[in-house]
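The block underneath contains the structure these notes are about, expressed in structure tokens.
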Amino acid sequence: MREQKENYILVGMAVLDLKRKLAILSDAAKYDASCASSGSVRRDSVGGKGVGSTDGGMGICHAYAPDGRCISLLKILLTNFCVYDCAYCVNRVSSNVPRARFAVDEVVDLTLGFYRRNYIEGLFLSSGIIRSPDYTMEEIVRVAKTLREVHDFRGYIHLKLIPEASPALVNEAGLYADRVSVNIELPKDESLASLAPEKDVVGIKKAMGAVRVSEDAAKDKGRKTRPPKFAPAGQSTQMIVGADAATDGAILKRSEGLYGAYGLRRVYYSAFSPIPDATARLPVKRAPLVREHRLYQADWLMRFYGFERAEILGEAEDLDLAVDPKLAWALRNRGEFPVDVNVADRERLLRVPGLGVRSVDRILDVRRFKRLELADVKRLTRGIEKLKPFLVTADWSPGALTDQEGLRERFAPEPRQLELF
């Protein structure tokens, strides 16, 4: 029955023109959030050598690097046909959606054509599973290999790996891609087993581990012969938020483990959105986007601000949606404040609500030459109101403000009905 359905869809796809395929497969790719191009090596075609670059521009799917560069990517699926029946996926085999499939040469031509028109600087390519994981992974790798070896394409390439594919194919993908990713899908193993029975969390982690080994081998300075570069922008993954009952604490604990075990560059969080003809096991309402946003903020605290996950929240807890996680931590730990901006070390300053990494580095630079006053801090940061209860300067002390009972409400006022007149 499944084979008959695949043949039927493949016959139907033959009549689609390239524009219609692009419309279907770019729309189908929008559910994958792991589409950032930060961390890649810089390449370009200055001097007439090669095609493309990894530097910024305008385009279809905008990804932002840490330095603020905007890199535009052609973000598509090779096909949205899939033999898997993951309950949360709009492209599952039982879903009644329009289907399409690109040929390898069509993806290559689209990528090169869009680049030459200055629409994109790179490609993000994923796919549903057709025939078998190995067959699909071979097709994905062929796209990247053709771009690199035949057309000398030097732009950014992000390939989505299929964990069930052979290790040799996974390794080959990393030789042509700047970044690779394997989606962990859901924060709890039992949820994956229930909602995506064809997927195996052990296989997913095994693929992540294989990528980590290849990354480490490529960076091994002790080798006599240097191996080829392997996914220089590293690997990432994605978790769906709100499709199961996992708490924010459980989600961040899973992320904490993935960062530590596999050296991930980034975990992406995607708020669950209801899909047509969904199973009753899934929520009927979309997960709040602010929850996704708070998870990203907490993730940032773990990666760049020196916070441990357990400091931010417990495994059974959810993040406060009304205030950001650093402010929530400060309100729970008022004994750590106020912090003297003129003497505190970098680690302590990074824990002050309202101070980011760049602001802290500016403060450390300027205070070598003068004692900072409140006006100086205001010039070096984005705002001063959030800082006042937690900071001491040469001319400012918060006094009782730090321990004020209604301090949280000051930053998270109660919502009120807007008036038309």
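Quick note on naming: the chains in the structure tokens go A, B, ... in the order shown, residues restart at 1 in each chain, and ligands are numbered from 1 in order of appearance.
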Near-segment 133-135 of chain A list (10 Å; only C-alpha atoms; drop same-chain fewer than 4 positions) as an NGL selection string: :A and (83 or 128-129 or 139-140 or 161-170)
Those same residues, written as a JSON list (two decimals), in the first residue's frame with N, CA and C atoms?
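Written output follows (out.json):
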[["chain", "number", "residue", "atom", "x", "y", "z"],
["A", 83, "VAL", "N", 8.37, 8.40, 3.64],
["A", 83, "VAL", "CA", 7.82, 7.09, 4.00],
["A", 83, "VAL", "C", 7.55, 6.98, 5.50],
["A", 128, "GLY", "N", 12.42, 14.85, 2.89],
["A", 128, "GLY", "CA", 11.71, 13.71, 3.40],
["A", 128, "GLY", "C", 12.45, 12.45, 2.99],
["A", 129, "ILE", "N", 12.07, 11.31, 3.56],
["A", 129, "ILE", "CA", 12.76, 10.05, 3.25],
["A", 129, "ILE", "C", 12.06, 9.37, 2.08],
["A", 139, "GLU", "N", 21.32, 11.36, -2.54],
["A", 139, "GLU", "CA", 20.83, 12.45, -3.38],
["A", 139, "GLU", "C", 21.21, 13.82, -2.79],
["A", 140, "ILE", "N", 21.09, 13.95, -1.48],
["A", 140, "ILE", "CA", 21.44, 15.21, -0.82],
["A", 140, "ILE", "C", 22.94, 15.49, -1.00],
["A", 161, "LEU", "N", 21.21, 15.96, 7.88],
["A", 161, "LEU", "CA", 21.60, 14.56, 7.82],
["A", 161, "LEU", "C", 20.43, 13.65, 8.18],
["A", 162, "ILE", "N", 20.44, 12.47, 7.60],
["A", 162, "ILE", "CA", 19.45, 11.46, 7.93],
["A", 162, "ILE", "C", 20.13, 10.44, 8.82],
["A", 163, "PRO", "N", 19.75, 10.37, 10.09],
["A", 163, "PRO", "CA", 20.50, 9.56, 11.05],
["A", 163, "PRO", "C", 20.56, 8.09, 10.72],
["A", 164, "GLU", "N", 19.56, 7.59, 9.99],
["A", 164, "GLU", "CA", 19.54, 6.16, 9.64],
["A", 164, "GLU", "C", 20.45, 5.83, 8.46],
["A", 165, "ALA", "N", 21.01, 6.86, 7.80],
["A", 165, "ALA", "CA", 21.90, 6.64, 6.66],
["A", 165, "ALA", "C", 23.24, 6.07, 7.13],
["A", 166, "SER", "N", 23.99, 5.49, 6.21],
["A", 166, "SER", "CA", 25.27, 4.88, 6.55],
["A", 166, "SER", "C", 26.27, 5.92, 7.02],
["A", 167, "PRO", "N", 27.17, 5.55, 7.94],
["A", 167, "PRO", "CA", 28.19, 6.50, 8.42],
["A", 167, "PRO", "C", 29.05, 7.08, 7.30],
["A", 168, "ALA", "N", 29.30, 6.31, 6.26],
["A", 168, "ALA", "CA", 30.12, 6.80, 5.15],
["A", 168, "ALA", "C", 29.44, 7.97, 4.45],
["A", 169, "LEU", "N", 28.12, 7.91, 4.29],
["A", 169, "LEU", "CA", 27.39, 9.00, 3.65],
["A", 169, "LEU", "C", 27.34, 10.23, 4.56],
["A", 170, "VAL", "N", 27.16, 9.99, 5.84],
["A", 170, "VAL", "CA", 27.16, 11.10, 6.80],
["A", 170, "VAL", "C", 28.50, 11.81, 6.77]]
Distance query Ala278 of chain A at most 12 Å, only C-alpha atoms, self and fewer than 6 positions along chain excluded, as an MDAnalysis selection string: chainID A and resid 85:92 94:96 195 243 284:285
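Each of A:Arg334, A:Arg379, A:Asp320, A:Arg362 was compared to Glu405 of chain A using only C-alpha atoms, and A:Arg334 turns out to be the nearest.
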Counting only C-alpha atoms, the residue of A:Leu321, A:Ala177, A:Ile204, A:Ile312 that sits nearest Lys253 of chain A: A:Ile312
DSSP strand (DSSP E or B) residues within segment 39-178 of chain A, as a PyMOL selection string: chain A and resi 51+61-64+70-77+79+101+122-126+153+156-160
Just to be explicit: take each residue in the selection above, keep N, CA and C atoms, and write the result as a PDB file, in the first residue's frame.
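Written output follows (out.pdb):
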ATOM      1  N   VAL A  51      32.341  30.253  -7.734  1.00  0.00           N
ATOM      2  CA  VAL A  51      31.033  30.909  -7.737  1.00  0.00           C
ATOM      3  C   VAL A  51      30.550  31.013  -6.307  1.00  0.00           C
ATOM      4  N   CYS A  61      15.786  33.241   2.712  1.00  0.00           N
ATOM      5  CA  CYS A  61      15.726  32.900   4.136  1.00  0.00           C
ATOM      6  C   CYS A  61      16.893  33.581   4.820  1.00  0.00           C
ATOM      7  N   HIS A  62      16.617  34.516   5.705  1.00  0.00           N
ATOM      8  CA  HIS A  62      17.675  35.309   6.312  1.00  0.00           C
ATOM      9  C   HIS A  62      18.184  34.647   7.583  1.00  0.00           C
ATOM     10  N   ALA A  63      19.481  34.422   7.635  1.00  0.00           N
ATOM     11  CA  ALA A  63      20.146  33.903   8.821  1.00  0.00           C
ATOM     12  C   ALA A  63      21.172  34.925   9.270  1.00  0.00           C
ATOM     13  N   TYR A  64      21.285  35.095  10.579  1.00  0.00           N
ATOM     14  CA  TYR A  64      22.149  36.145  11.109  1.00  0.00           C
ATOM     15  C   TYR A  64      23.336  35.554  11.857  1.00  0.00           C
ATOM     16  N   CYS A  70      23.919  39.523   7.740  1.00  0.00           N
ATOM     17  CA  CYS A  70      22.730  38.816   7.271  1.00  0.00           C
ATOM     18  C   CYS A  70      23.125  37.953   6.076  1.00  0.00           C
ATOM     19  N   ILE A  71      22.924  36.657   6.194  1.00  0.00           N
ATOM     20  CA  ILE A  71      23.262  35.734   5.113  1.00  0.00           C
ATOM     21  C   ILE A  71      21.982  35.091   4.616  1.00  0.00           C
ATOM     22  N   SER A  72      21.713  35.225   3.336  1.00  0.00           N
ATOM     23  CA  SER A  72      20.468  34.720   2.767  1.00  0.00           C
ATOM     24  C   SER A  72      20.681  33.342   2.160  1.00  0.00           C
ATOM     25  N   LEU A  73      19.739  32.449   2.439  1.00  0.00           N
ATOM     26  CA  LEU A  73      19.859  31.068   1.999  1.00  0.00           C
ATOM     27  C   LEU A  73      18.628  30.629   1.206  1.00  0.00           C
ATOM     28  N   LEU A  74      18.859  29.809   0.206  1.00  0.00           N
ATOM     29  CA  LEU A  74      17.769  29.101  -0.444  1.00  0.00           C
ATOM     30  C   LEU A  74      17.436  27.912   0.446  1.00  0.00           C
ATOM     31  N   LYS A  75      16.276  27.941   1.066  1.00  0.00           N
ATOM     32  CA  LYS A  75      15.892  26.929   2.055  1.00  0.00           C
ATOM     33  C   LYS A  75      14.777  26.071   1.478  1.00  0.00           C
ATOM     34  N   ILE A  76      15.118  24.836   1.116  1.00  0.00           N
ATOM     35  CA  ILE A  76      14.157  23.957   0.438  1.00  0.00           C
ATOM     36  C   ILE A  76      14.330  22.513   0.894  1.00  0.00           C
ATOM     37  N   LEU A  77      13.317  21.709   0.571  1.00  0.00           N
ATOM     38  CA  LEU A  77      13.422  20.264   0.697  1.00  0.00           C
ATOM     39  C   LEU A  77      13.728  19.680  -0.677  1.00  0.00           C
ATOM     40  N   THR A  79      12.579  16.761  -1.398  1.00  0.00           N
ATOM     41  CA  THR A  79      11.206  16.313  -1.612  1.00  0.00           C
ATOM     42  C   THR A  79      10.449  16.371  -0.293  1.00  0.00           C
ATOM     43  N   ARG A 101       8.996  16.853  -5.910  1.00  0.00           N
ATOM     44  CA  ARG A 101      10.351  16.346  -5.752  1.00  0.00           C
ATOM     45  C   ARG A 101      11.262  17.015  -6.767  1.00  0.00           C
ATOM     46  N   GLY A 122      23.768  31.128  -0.174  1.00  0.00           N
ATOM     47  CA  GLY A 122      23.984  29.736   0.190  1.00  0.00           C
ATOM     48  C   GLY A 122      22.718  28.906   0.106  1.00  0.00           C
ATOM     49  N   LEU A 123      22.847  27.644   0.528  1.00  0.00           N
ATOM     50  CA  LEU A 123      21.773  26.666   0.394  1.00  0.00           C
ATOM     51  C   LEU A 123      21.561  25.931   1.712  1.00  0.00           C
ATOM     52  N   PHE A 124      20.297  25.796   2.106  1.00  0.00           N
ATOM     53  CA  PHE A 124      19.900  24.926   3.214  1.00  0.00           C
ATOM     54  C   PHE A 124      19.046  23.828   2.602  1.00  0.00           C
ATOM     55  N   LEU A 125      19.514  22.587   2.685  1.00  0.00           N
ATOM     56  CA  LEU A 125      18.831  21.484   2.013  1.00  0.00           C
ATOM     57  C   LEU A 125      18.484  20.375   2.990  1.00  0.00           C
ATOM     58  N   SER A 126      17.203  20.049   3.042  1.00  0.00           N
ATOM     59  CA  SER A 126      16.703  18.930   3.834  1.00  0.00           C
ATOM     60  C   SER A 126      15.837  18.081   2.927  1.00  0.00           C
ATOM     61  N   PHE A 153      31.357  26.053  -6.344  1.00  0.00           N
ATOM     62  CA  PHE A 153      30.520  26.942  -5.544  1.00  0.00           C
ATOM     63  C   PHE A 153      31.153  27.139  -4.176  1.00  0.00           C
ATOM     64  N   TYR A 156      27.742  29.215   1.201  1.00  0.00           N
ATOM     65  CA  TYR A 156      27.443  28.421   2.393  1.00  0.00           C
ATOM     66  C   TYR A 156      26.499  27.276   2.044  1.00  0.00           C
ATOM     67  N   ILE A 157      26.762  26.096   2.583  1.00  0.00           N
ATOM     68  CA  ILE A 157      25.869  24.945   2.400  1.00  0.00           C
ATOM     69  C   ILE A 157      25.594  24.305   3.758  1.00  0.00           C
ATOM     70  N   HIS A 158      24.327  24.148   4.074  1.00  0.00           N
ATOM     71  CA  HIS A 158      23.888  23.451   5.289  1.00  0.00           C
ATOM     72  C   HIS A 158      23.084  22.241   4.839  1.00  0.00           C
ATOM     73  N   LEU A 159      23.533  21.045   5.218  1.00  0.00           N
ATOM     74  CA  LEU A 159      22.842  19.814   4.863  1.00  0.00           C
ATOM     75  C   LEU A 159      22.220  19.177   6.091  1.00  0.00           C
ATOM     76  N   LYS A 160      20.974  18.772   5.939  1.00  0.00           N
ATOM     77  CA  LYS A 160      20.292  18.034   7.003  1.00  0.00           C
ATOM     78  C   LYS A 160      20.629  16.550   6.845  1.00  0.00           C
TER      79      LYS A 160
END
One-decimal distance in Å that lies between atom CA of Ala231 of chain A and atom CA of Ala217 of chain A: 11.5 Å
